[in-house]
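Asker: So here's final-v1.txt (compact mmCIF, C-alpha atoms).
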# COMPACT_ATOMS: atom_id res chain seq x y z
CA MET A 1 101.82 126.14 114.72
CA VAL A 2 100.64 127.22 111.26
CA TYR A 3 100.48 124.58 108.50
CA ALA A 4 99.99 125.28 104.81
CA ALA A 5 97.44 122.53 104.30
CA LYS A 6 94.76 121.87 106.91
CA CYS A 7 92.15 119.17 107.29
CA PHE A 8 88.89 120.51 105.83
CA ILE A 9 86.95 118.86 108.67
CA CYS A 10 88.90 119.85 111.81
CA GLY A 11 91.61 122.31 110.70
CA GLU A 12 94.49 120.12 111.96
CA ARG A 13 97.68 119.51 109.98
CA ALA A 14 96.88 117.68 106.74
CA ALA A 15 98.34 114.22 106.18
CA ALA A 16 97.12 113.90 102.61
CA ARG A 17 95.21 115.52 99.79
CA VAL A 18 92.38 113.23 98.70
CA SER A 19 91.66 113.80 95.03
CA TYR A 20 88.23 112.10 95.20
CA LEU A 21 87.12 114.85 97.62
CA SER A 22 89.46 117.56 96.28
CA GLU A 23 90.22 118.22 99.95
CA PHE A 24 92.93 117.79 102.56
CA LEU A 25 92.48 115.45 105.53
CA CYS A 26 94.40 115.06 108.81
CA SER A 27 95.63 111.62 109.86
CA LYS A 28 92.54 110.83 111.97
CA HIS A 29 90.01 111.86 109.33
CA PHE A 30 92.04 110.27 106.53
CA VAL A 31 91.95 106.88 108.28
CA GLU A 32 88.18 107.25 108.84
CA TYR A 33 87.63 108.26 105.20
CA PHE A 34 89.78 105.40 103.85
CA GLU A 35 88.14 102.71 105.96
CA ARG A 36 84.64 104.00 105.17
CA ARG A 37 85.41 103.97 101.44
CA VAL A 38 86.73 100.40 101.46
CA ARG A 39 83.85 99.17 103.62
CA ALA A 40 81.34 100.88 101.34
CA ALA A 41 82.82 99.07 98.32
CA ILE A 42 82.71 95.71 100.15
CA GLU A 43 79.05 96.20 101.07
CA TRP A 44 77.81 97.92 97.90
CA PHE A 45 79.17 95.18 95.63
CA ARG A 46 78.22 92.41 98.11
CA MET A 47 81.79 91.15 98.04
CA VAL A 48 81.22 89.00 101.13
CA GLU A 49 78.24 87.26 102.66
CA PRO A 50 77.69 85.76 106.12
CA GLY A 51 79.27 82.31 106.23
CA ASP A 52 81.85 83.04 103.53
CA ARG A 53 85.35 81.71 103.90
CA VAL A 54 87.54 84.43 102.39
CA ALA A 55 91.07 83.71 101.21
CA VAL A 56 93.20 86.85 100.86
CA ALA A 57 96.05 86.66 98.36
CA VAL A 58 98.90 88.25 100.26
CA SER A 59 102.30 89.17 98.88
CA GLY A 60 103.54 91.08 101.91
CA GLY A 61 103.22 94.40 100.08
CA LYS A 62 101.14 97.33 101.33
CA ASP A 63 98.06 96.58 99.22
CA SER A 64 97.60 92.97 100.21
CA LEU A 65 98.41 93.64 103.87
CA THR A 66 95.81 96.43 103.93
CA THR A 67 93.26 94.14 102.28
CA LEU A 68 93.94 91.40 104.82
CA TYR A 69 93.87 93.86 107.73
CA LEU A 70 90.55 95.43 106.74
CA LEU A 71 88.83 92.17 105.77
CA SER A 72 89.95 90.75 109.11
CA LYS A 73 88.70 93.87 110.92
CA TYR A 74 85.19 93.58 109.44
CA SER A 75 84.96 89.78 109.57
CA GLY A 76 83.28 89.51 112.98
CA GLU A 77 80.65 92.13 112.23
CA LEU A 78 79.89 90.87 108.71
CA GLY A 79 80.06 87.20 109.68
CA TYR A 80 82.74 85.61 107.52
CA GLU A 81 86.13 83.89 108.05
CA VAL A 82 89.47 85.16 106.71
CA PHE A 83 92.83 83.55 106.02
CA GLY A 84 95.86 84.43 103.91
CA ILE A 85 97.49 82.64 100.97
CA ALA A 86 100.99 83.65 99.89
CA VAL A 87 102.78 82.50 96.76
CA ASP A 88 106.52 81.92 96.91
CA GLU A 89 107.57 82.44 93.30
CA GLY A 90 111.20 81.69 94.06
CA ILE A 91 112.74 85.13 93.51
CA ALA A 92 115.99 85.27 95.47
CA GLY A 93 116.69 88.50 97.34
CA TYR A 94 113.06 89.60 97.19
CA ARG A 95 110.41 87.13 98.21
CA GLU A 96 112.08 85.98 101.43
CA PHE A 97 111.97 89.53 102.85
CA LYS A 98 108.31 89.98 101.96
CA LEU A 99 107.39 86.56 103.37
CA GLU A 100 109.18 87.32 106.62
CA ALA A 101 107.21 90.58 107.07
CA LEU A 102 104.04 88.73 106.11
CA ARG A 103 104.49 85.95 108.66
CA SER A 104 105.04 88.51 111.40
CA PHE A 105 101.96 90.52 110.32
CA THR A 106 99.56 87.55 110.10
CA SER A 107 100.79 86.26 113.43
CA GLU A 108 100.07 89.64 115.10
CA LEU A 109 96.67 89.74 113.41
CA GLY A 110 95.85 86.17 114.49
CA VAL A 111 95.09 85.08 110.92
CA ASP A 112 96.20 81.74 109.37
CA LEU A 113 98.67 81.93 106.52
CA HIS A 114 99.21 79.24 103.86
CA VAL A 115 102.23 79.41 101.55
CA VAL A 116 102.30 77.70 98.15
CA SER A 117 105.36 77.72 95.89
CA PHE A 118 106.00 77.68 92.15
CA LYS A 119 108.65 75.04 92.80
CA GLU A 120 106.10 72.65 94.32
CA LEU A 121 103.39 73.37 91.76
CA PHE A 122 105.36 73.72 88.55
CA GLY A 123 108.71 72.15 89.41
CA LEU A 124 110.61 75.39 88.83
CA THR A 125 111.13 78.79 90.49
CA LEU A 126 110.62 82.10 88.69
CA ASP A 127 114.41 82.51 88.77
CA ASP A 128 114.71 79.16 86.92
CA ALA A 129 112.04 80.27 84.46
CA PHE A 130 113.84 83.58 83.83
CA LYS A 131 117.09 81.79 82.96
CA ALA A 132 115.29 79.54 80.49
CA LEU A 133 113.36 82.48 78.97
CA ALA A 134 116.54 84.58 78.67
CA GLU A 135 118.22 81.77 76.69
CA ARG A 136 115.41 82.15 74.13
CA GLY A 137 115.76 85.92 73.87
CA LEU A 138 112.98 86.78 76.35
CA GLU A 139 110.24 86.31 73.74
CA ILE A 140 108.07 85.88 76.84
CA LYS A 141 108.68 88.22 79.77
CA PRO A 142 109.04 86.81 83.30
CA CYS A 143 106.13 89.00 84.50
CA ALA A 144 103.79 87.26 82.02
CA VAL A 145 104.81 83.85 83.37
CA CYS A 146 104.55 85.04 86.96
CA GLY A 147 101.05 86.46 86.39
CA VAL A 148 99.73 83.22 84.87
CA PHE A 149 101.42 80.98 87.46
CA ARG A 150 100.24 83.19 90.38
CA ARG A 151 96.60 83.20 89.25
CA TYR A 152 96.75 79.42 88.83
CA ALA A 153 98.42 78.88 92.23
CA LEU A 154 96.07 81.19 94.11
CA ASN A 155 92.89 79.77 92.63
CA LYS A 156 93.99 76.17 93.18
CA ALA A 157 95.11 76.80 96.77
CA ALA A 158 91.99 78.85 97.63
CA ARG A 159 89.69 76.12 96.26
CA GLU A 160 91.57 73.31 98.00
CA LEU A 161 91.46 75.24 101.30
CA GLY A 162 87.68 75.61 101.01
CA ALA A 163 87.55 79.33 100.22
CA THR A 164 84.28 80.73 98.88
CA LYS A 165 85.92 84.05 97.86
CA LEU A 166 89.43 85.04 96.85
CA ALA A 167 90.32 88.65 97.72
CA THR A 168 93.22 90.47 96.09
CA GLY A 169 94.86 93.79 96.91
CA HIS A 170 94.38 95.37 93.48
CA ASN A 171 93.95 99.12 93.88
CA LEU A 172 92.68 101.82 91.53
CA ASP A 173 96.13 102.37 90.01
CA ASP A 174 96.55 98.64 89.29
CA GLU A 175 93.15 98.54 87.62
CA ILE A 176 93.71 101.52 85.32
CA GLN A 177 97.25 100.39 84.47
CA VAL A 178 95.90 97.01 83.35
CA PHE A 179 93.08 98.75 81.49
CA VAL A 180 95.56 100.91 79.53
CA MET A 181 97.79 97.88 78.90
CA ASN A 182 94.79 95.96 77.58
CA LEU A 183 93.97 98.91 75.30
CA LEU A 184 97.56 99.00 74.03
CA LYS A 185 97.38 95.27 73.25
CA ALA A 186 93.80 95.52 71.87
CA HIS A 187 92.91 92.86 74.43
CA VAL A 188 89.14 93.24 74.75
CA ASP A 189 88.55 90.13 76.90
CA GLY A 190 91.03 91.49 79.44
CA VAL A 191 89.05 94.72 79.77
CA VAL A 192 85.79 92.86 80.34
CA ARG A 193 87.25 90.31 82.72
CA GLU A 194 88.94 92.67 85.23
CA GLY A 195 86.08 94.00 87.36
CA VAL A 196 85.60 94.76 91.05
CA VAL A 197 84.11 91.28 91.52
CA SER A 198 84.38 88.37 89.09
CA GLU A 199 81.25 87.14 87.38
CA PRO A 200 79.89 83.93 88.91
CA GLY A 201 80.78 80.98 86.74
CA GLU A 202 82.64 77.72 86.81
CA GLU A 203 82.72 76.23 90.31
CA ALA A 204 86.42 75.36 90.09
CA LEU A 205 87.15 79.09 89.83
CA VAL A 206 86.86 80.74 93.24
CA PRO A 207 85.02 84.11 92.82
CA ARG A 208 87.46 87.02 93.15
CA ILE A 209 86.86 90.29 94.99
CA LYS A 210 88.90 93.51 95.09
CA PRO A 211 88.12 95.65 98.15
CA LEU A 212 90.69 98.37 97.21
CA TYR A 213 89.37 98.78 93.66
CA PHE A 214 88.34 102.42 94.15
CA VAL A 215 91.33 103.51 96.25
CA PRO A 216 94.45 105.09 94.67
CA GLU A 217 97.73 103.36 95.42
CA LYS A 218 99.17 106.44 97.11
CA GLU A 219 96.29 106.50 99.60
CA VAL A 220 96.94 102.85 100.46
CA LEU A 221 100.52 103.77 101.33
CA VAL A 222 99.40 106.76 103.45
CA TYR A 223 97.01 104.42 105.30
CA THR A 224 99.69 101.79 106.01
CA LEU A 225 102.11 104.46 107.29
CA LEU A 226 99.45 106.01 109.54
CA LYS A 227 98.39 102.58 110.86
CA GLY A 228 101.95 101.30 111.29
CA ILE A 229 101.45 98.40 108.86
CA TYR A 230 105.03 97.57 107.92
CA THR A 231 106.17 96.33 104.54
CA PRO A 232 109.85 96.23 103.58
CA PHE A 233 110.78 98.31 100.52
CA VAL A 234 112.31 95.70 98.26
CA GLU A 235 111.59 95.71 94.54
CA CYS A 236 111.04 92.63 92.43
CA PRO A 237 114.19 92.38 90.24
CA TYR A 238 112.03 91.59 87.20
CA ILE A 239 109.97 94.82 87.40
CA VAL A 240 112.13 96.34 84.63
CA TYR A 241 110.67 93.82 82.15
CA ALA A 242 107.07 94.80 82.82
CA LEU A 243 105.06 96.89 80.36
CA ARG A 244 103.25 98.12 83.45
CA HIS A 245 106.29 100.18 84.46
CA PRO A 246 106.15 102.82 81.67
CA VAL A 247 102.33 102.83 81.76
CA ARG A 248 102.40 103.55 85.50
CA ARG A 249 104.92 106.37 85.05
CA TRP A 250 102.83 107.92 82.30
CA LEU A 251 99.60 107.77 84.30
CA ASN A 252 101.35 109.25 87.36
CA ALA A 253 102.78 112.07 85.23
CA VAL A 254 99.34 112.91 83.83
CA ASP A 255 97.71 112.68 87.26
CA SER A 256 100.36 114.98 88.77
CA GLU A 257 99.37 117.63 86.20
CA ASP A 258 95.64 116.95 86.49
CA PRO A 259 94.76 115.37 89.86
CA GLY A 260 91.70 113.16 89.61
CA VAL A 261 92.40 111.94 86.08
CA LYS A 262 92.83 108.38 87.41
CA TYR A 263 89.19 108.31 88.52
CA ARG A 264 88.12 109.37 85.04
CA VAL A 265 90.16 106.55 83.48
CA LEU A 266 88.52 104.08 85.88
CA ALA A 267 85.11 105.50 84.98
CA MET A 268 85.89 104.95 81.27
CA LYS A 269 86.95 101.40 82.03
CA GLU A 270 83.57 100.75 83.65
CA VAL A 271 81.78 102.28 80.63
CA PHE A 272 83.72 99.91 78.33
CA ARG A 273 82.90 96.92 80.56
CA ASN A 274 79.20 97.78 80.45
CA VAL A 275 78.98 97.95 76.67
CA LEU A 276 81.30 95.07 75.78
CA GLN A 277 80.21 91.46 75.47
CA PRO A 278 81.12 89.37 78.55
CA PRO A 279 83.50 86.48 77.84
CA SER A 280 82.11 82.98 77.41
CA LYS A 281 81.45 81.23 80.73
CA THR A 282 81.87 77.70 79.47
CA LEU A 283 85.12 76.26 80.68
CA GLY A 284 86.56 72.83 80.20
CA ARG A 285 89.41 71.13 82.01
CA CYS A 286 93.07 71.24 81.07
CA GLU A 287 94.11 67.94 79.50
CA LEU A 288 97.40 68.01 81.42
CA CYS A 289 96.53 69.22 84.93
CA GLY A 290 92.72 69.18 85.16
CA GLU A 291 92.41 72.85 86.17
CA PRO A 292 89.66 74.98 84.54
CA THR A 293 90.51 76.53 81.19
CA SER A 294 88.81 77.72 78.02
CA HIS A 295 91.50 75.95 75.94
CA ARG A 296 92.55 72.35 75.51
CA VAL A 297 95.63 72.96 77.65
CA CYS A 298 95.68 75.75 80.25
CA ARG A 299 98.08 78.71 79.96
CA ALA A 300 100.09 77.59 82.98
CA CYS A 301 100.76 74.15 81.45
CA GLU A 302 101.54 75.71 78.06
CA LEU A 303 104.07 78.04 79.63
CA LYS A 304 105.58 75.34 81.80
CA THR A 305 106.01 73.10 78.77
CA TYR A 306 107.55 75.97 76.76
CA ILE A 307 109.97 76.88 79.57
CA LEU A 308 111.06 73.32 80.27
CA GLY A 309 111.50 72.85 76.54
CA SER A 310 110.11 69.35 76.59
CA HIS A 311 108.05 69.93 73.44
CA ASN A 312 110.34 71.60 70.91
CA SER A 313 107.58 71.79 68.35
CA LEU A 314 105.32 73.79 70.68
CA LYS A 315 104.75 77.35 69.55
CA LYS A 316 105.40 80.30 71.84
CA PRO A 317 102.21 80.59 73.90
CA ALA A 318 100.22 83.78 73.40
CA VAL A 319 100.29 85.64 76.72
CA MET B 1 118.09 116.09 105.35
CA VAL B 2 116.20 113.81 102.96
CA ASP B 3 116.00 110.04 103.32
CA ILE B 4 115.05 108.55 99.95
CA PHE B 5 113.33 105.17 100.46
CA GLY B 6 115.84 104.22 103.17
CA ARG B 7 118.46 103.78 100.45
CA GLU B 8 120.10 107.19 100.26
CA VAL B 9 120.31 110.25 102.51
CA ARG B 10 120.96 113.69 101.04
CA GLU B 11 121.42 117.11 102.63
CA LEU B 12 119.78 119.80 100.55
CA SER B 13 119.33 123.56 100.78
CA LEU B 14 116.08 125.16 99.69
CA ALA B 15 114.90 128.77 99.55
CA GLU B 16 113.02 130.12 102.55
CA GLY B 17 109.32 129.31 102.32
CA ALA B 18 109.94 126.19 100.22
CA THR B 19 107.41 123.37 100.51
CA VAL B 20 107.53 119.60 100.05
CA VAL B 21 106.51 120.08 96.40
CA ASP B 22 109.58 122.28 95.80
CA LEU B 23 111.77 119.58 97.33
CA LEU B 24 110.19 116.89 95.13
CA ASN B 25 110.72 119.03 92.03
CA LEU B 26 114.35 119.56 92.99
CA ILE B 27 115.11 115.85 93.31
CA GLY B 28 112.91 114.75 90.40
CA PHE B 29 109.94 112.97 91.97
CA LYS B 30 106.26 113.37 91.14
CA ALA B 31 103.82 113.84 94.01
CA SER B 32 101.88 110.75 92.93
CA GLU B 33 104.99 108.55 93.26
CA VAL B 34 105.87 109.24 96.90
CA VAL B 35 104.41 109.80 100.35
CA VAL B 36 106.38 112.25 102.44
CA ALA B 37 106.94 112.32 106.19
CA VAL B 38 108.44 115.43 107.81
CA ASP B 39 109.94 115.01 111.26
CA GLY B 40 108.18 111.66 111.56
CA GLU B 41 104.68 112.77 110.49
CA VAL B 42 103.00 112.00 107.18
CA VAL B 43 102.20 115.32 105.49
CA ALA B 44 100.52 116.72 102.38
CA GLU B 45 102.76 118.16 99.67
CA ASP B 46 101.86 121.78 100.55
CA GLU B 47 103.66 121.41 103.87
CA PRO B 48 106.31 124.14 104.34
CA LEU B 49 109.82 122.98 105.20
CA ARG B 50 111.94 124.58 107.89
CA ASP B 51 115.65 124.73 108.53
CA GLY B 52 116.62 121.33 109.92
CA SER B 53 113.48 119.50 108.76
CA ARG B 54 114.05 115.75 108.51
CA VAL B 55 112.25 114.49 105.44
CA LYS B 56 111.61 110.85 104.57
CA LEU B 57 110.31 109.72 101.18
CA HIS B 58 108.31 106.49 100.91
CA SER B 59 107.86 104.96 97.48
CA VAL B 60 104.27 104.42 96.36
CA VAL B 61 105.40 101.69 93.98
CA SER B 62 105.98 98.58 96.00
CA GLY B 63 107.48 96.75 93.05
CA GLY B 64 105.69 93.49 93.21
The structure in this file should be written as structure tokens.
Answerer:
Amino acid sequence: MVYAAKCFICGERAAARVSYLSEFLCSKHFVEYFERRVRAAIEWFRMVEPGDRVAVAVSGGKDSLTTLYLLSKYSGELGYEVFGIAVDEGIAGYREFKLEALRSFTSELGVDLHVVSFKELFGLTLDDAFKALAERGLEIKPCAVCGVFRRYALNKAARELGATKLATGHNLDDEIQVFVMNLLKAHVDGVVREGVVSEPGEEALVPRIKPLYFVPEKEVLVYTLLKGIYTPFVECPYIVYALRHPVRRWLNAVDSEDPGVKYRVLAMKEVFRNVLQPPSKTLGRCELCGEPTSHRVCRACELKTYILGSHNSLKKPAV
Amino acid sequence: MVDIFGREVRELSLAEGATVVDLLNLIGFKASEVVVAVDGEVVAEDEPLRDGSRVKLHSVVSGG
């Protein structure tokens, strides 16, 4: 049979065009290419070391499942342990489906999974928070609250479970979307902070690693489909409130016209990170919860207090 | 026949020699937003479509 696009290595039917190579690859060579690229990033940036205990933040989506799968695959050879941490934000009609797929996946993989919930940690679900925020005109978007609460929950759970690294499924698209959002908000600290590995610092903050940092989101999906890694297609109902949504559409539109532009944006992000001043490493402890923060009260406690409305005089937190 | 994210199935007619890209243009998707399987196999967007091809679109955006 004649196919329009053929693998540049073997001539078989192409499964994907890889913009980094400007070439087509068949399913077999795509999987090899993808795994080699992720492994190279893990080793080049020394994301893991023998003896590490690596917590993988897993949502049940394709990116986190791929991260967990590959970190688990290399764990024996590279000499570290892996387990998963999931956060149940309390989003009805969404999170339960993802958690179900996640439990089935980690069980097949033979990896432990720990679930922590917003309800247990903060006394409210994201659905509760949304109702309270909506009553105040959505001055703060639910995605901003979710982001702060998730980071807090993951770091706390990882530390308490003895993790020496916290891996997330952030891919190249996530990274450049956040970079553009930080530019739009003139948020310089955000640009400096979001690297492939976090700078070593305060011991209460578990160092973060991002094995999919150099891989476009579309390639992650191709990989999961070729490997049979299942994730249900359910969208978070709050996605419409995220600034990320229009930024993502714009970057995809530009990349469709000029394939490879996403790599150039990532390269510019790295240039910025190299010339900008790193943020201060001195952290104190939150006066309310004792978690690390550079402020008197951490963002999570500020937001919780604002949402619960217990301090009417409190200003809207800057997020 | 095109299955869009498992939510909607459409039957469409395309000109002879049409490819996956032509299909995506017709239904308003960008290549960077979807991964396409034809007759159960993941394919690149240059893949030609034939009469009776079963196409499934997978959304790149997982939405969370």
Asker: Identify every residue of chain B that has at least one atom within 9 Å of any atom of chain A, counting all atoms listed in the file, and report the result as a ChimeraX atom specification.
Answerer: /B:5-6,19,30-37,41-48,58-64
Asker: May I ask which of the residues B:Leu23, B:Gly52, B:Leu57, B:Phe29 is the closest one to Met1 of chain B, counting all atoms listed in the file?
Answerer: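 Going through B:Leu23, B:Gly52, B:Leu57, B:Phe29 one by one, the smallest distance to Met1 of chain B is for B:Gly52.
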Asker: Every residue with an atom at most 7 Å from (117.9, 126.3, 102.2) (file coordinates; only C-alpha atoms) is what I'm after, so could you write them as a PyMOL selection string?
Answerer: chain B and resi 12-16+51
Asker: Find the distance between atom CA of Glu194 of chain A and atom CA of Leu133 of chain A and write it in Å to one decimal.
Answerer: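 Atom-to-atom, atom CA of Glu194 of chain A to atom CA of Leu133 of chain A, that is 27.2 Å.
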Asker: So for segment 287-302 of chain A, what box centre and size do we get, axis-aligned, 4 Å extra on each of the six sides, every listed atom, Å to one decimal, as lines of an AutoDock Vina configuration file?
Answerer:
center_x = 95.2
center_y = 73.3
center_z = 80.8
size_x = 20.7
size_y = 18.8
size_z = 18.7
Asker: What gap, in Å, lies between atom CA of Glu43 of chain A and atom CA of Leu78 of chain A?
Answerer: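 Computed distance, atom CA of Glu43 of chain A to atom CA of Leu78 of chain A, equals 9.4 Å.
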Asker: If you measure from atom CA of Phe122 of chain A to atom CA of Gly147 of chain A, what distance in Å do you get, rounded to one decimal?
Answerer: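 Answer for the atom CA of Phe122 of chain A to atom CA of Gly147 of chain A separation: 13.6 Å.
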Asker: Nearest residue to Lys131 of chain A out of A:Ile91, A:Trp250, A:Gly84, A:Phe214, using all atoms listed in the file?
Answerer: A:Ile91
Asker: May I have the residues within 10 Å of Cys146 of chain A as a ChimeraX atom specification, using all atoms listed in the file and disregarding those fewer than 6 positions away in the same chain?
Answerer: /A:89,118,125-126,129-130,152,238,300
Asker: Write out as a PDB file with C-alpha atoms, keeping the file's coordinate frame which residues come within 9 Å of Pro278 of chain A when counting all atoms listed in the file, dropping same-chain ones fewer than 5 positions away.
Answerer:
ATOM      1  CA  ASP A 189      88.550  90.130  76.900  1.00  0.00           C
ATOM      2  CA  VAL A 192      85.790  92.860  80.340  1.00  0.00           C
ATOM      3  CA  ARG A 193      87.250  90.310  82.720  1.00  0.00           C
ATOM      4  CA  ARG A 273      82.900  96.920  80.560  1.00  0.00           C
TER       5      ARG A 273
END
